[in-house]
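Notes follow once the structure below has been shown.
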Amino acid sequence: MISKKEIKHIAHLARLELSDTEVEKFTDQIGDILEFFKQLQEVDTDKVAETSQVTGLENVSRKDEINVFNNEDELLECSPHEIENQSIKVPKIF
């Protein structure tokens, strides 16, 4: 079981100001959560395979491939911005 003093200490570390009613409430709630974790620790998981993902989804990404584009003028013409010295002139940010 967690004490009111420990709840106040945790609240202090989290920079939270708790009323006495809130301290009482959170003492009970966190105590219940910790009791549930005690129950979970009693479960035999020796024969359960470790997993980090259970839905079967995989990261989908395409291979990074370099494509050579031979016509620079045509590429530059695609830009809505002004072209200056074979470069696209973009608006200043700062």
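Every chain in the structure tokens has a letter given in the order shown (A, B, ...), and although residue numbers restart at 1 in each chain, ligands are simply numbered from 1 in the order shown.
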Counting only C-alpha atoms, what is within 9 Å of segment 31-44 of chain A, bar same-chain residues fewer than 4 positions away, as a PDB file with N, CA and C atoms, in the first residue's frame?
```pdb
ATOM      1  N   MET A   1       0.855  -1.190   0.000  1.00  0.00           N
ATOM      2  CA  MET A   1       0.000   0.000   0.000  1.00  0.00           C
ATOM      3  C   MET A   1       0.890   1.238   0.000  1.00  0.00           C
ATOM      4  N   ILE A   2       0.436   2.259  -0.658  1.00  0.00           N
ATOM      5  CA  ILE A   2       1.183   3.507  -0.746  1.00  0.00           C
ATOM      6  C   ILE A   2       0.647   4.472   0.311  1.00  0.00           C
ATOM      7  N   SER A   3       1.522   5.252   0.880  1.00  0.00           N
ATOM      8  CA  SER A   3       1.111   6.159   1.953  1.00  0.00           C
ATOM      9  C   SER A   3       0.782   7.547   1.409  1.00  0.00           C
ATOM     10  N   PHE A  26      -6.223   9.892  -4.409  1.00  0.00           N
ATOM     11  CA  PHE A  26      -5.140   9.289  -5.180  1.00  0.00           C
ATOM     12  C   PHE A  26      -4.417   8.192  -4.394  1.00  0.00           C
ATOM     13  N   THR A  27      -4.397   8.301  -3.090  1.00  0.00           N
ATOM     14  CA  THR A  27      -3.804   7.240  -2.266  1.00  0.00           C
ATOM     15  C   THR A  27      -4.576   5.939  -2.480  1.00  0.00           C
ATOM     16  N   VAL A  48       5.649 -18.022 -22.174  1.00  0.00           N
ATOM     17  CA  VAL A  48       5.050 -17.046 -23.095  1.00  0.00           C
ATOM     18  C   VAL A  48       6.176 -16.355 -23.858  1.00  0.00           C
TER      19      VAL A  48
END
```
Problem set entry | All strand (DSSP E or B) positions in chain A, as a list in words | Glu82, Ile83, Glu84, Ser87, Ile88 and Lys89 of chain A
Near Val90 of chain A, within 9 Å and counting only C-alpha atoms, which residues show up once chain neighbours fewer than 5 positions away are dropped, as an mmCIF file with N, CA and C atoms, in the first residue's frame?
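Printed below is part_39.cif as written:
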```
data_model
loop_
_atom_site.group_PDB
_atom_site.id
_atom_site.type_symbol
_atom_site.label_atom_id
_atom_site.label_comp_id
_atom_site.auth_asym_id
_atom_site.auth_seq_id
_atom_site.Cartn_x
_atom_site.Cartn_y
_atom_site.Cartn_z
ATOM 1 N N HIS A 81 8.077 29.212 -58.037
ATOM 2 C CA HIS A 81 8.951 30.297 -57.595
ATOM 3 C C HIS A 81 9.880 30.748 -58.726
ATOM 4 N N GLU A 82 10.474 31.902 -58.500
ATOM 5 C CA GLU A 82 11.399 32.480 -59.468
ATOM 6 C C GLU A 82 12.669 31.627 -59.589
ATOM 7 N N ILE A 83 13.195 31.565 -60.825
ATOM 8 C CA ILE A 83 14.437 30.828 -61.075
ATOM 9 C C ILE A 83 15.565 31.842 -61.202
#
```
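The gap separating atom CA of Asp73 of chain A from atom CA of Lys92 of chain A is 23.3 Å, in Å to one decimal.
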For this session: Find the residues near Leu76 of chain A: any atom within 9 Å, counting only C-alpha atoms, skip ones fewer than 4 places away on the same chain, and give them as a list of chain:residue names.
Result: A:Asn71, A:Glu72, A:Ile83, A:Gln86, A:Ser87, A:Ile88
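Coordinates place atom CA of Gln29 of chain A at a distance of 14.7 Å from atom CA of Lys5 of chain A.
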Exercise. So, counting only C-alpha atoms, which residue among A:Asn59, A:Ala11, A:Lys4, A:Val68 is closest to Glu24 of chain A?
Worked result: A:Lys4
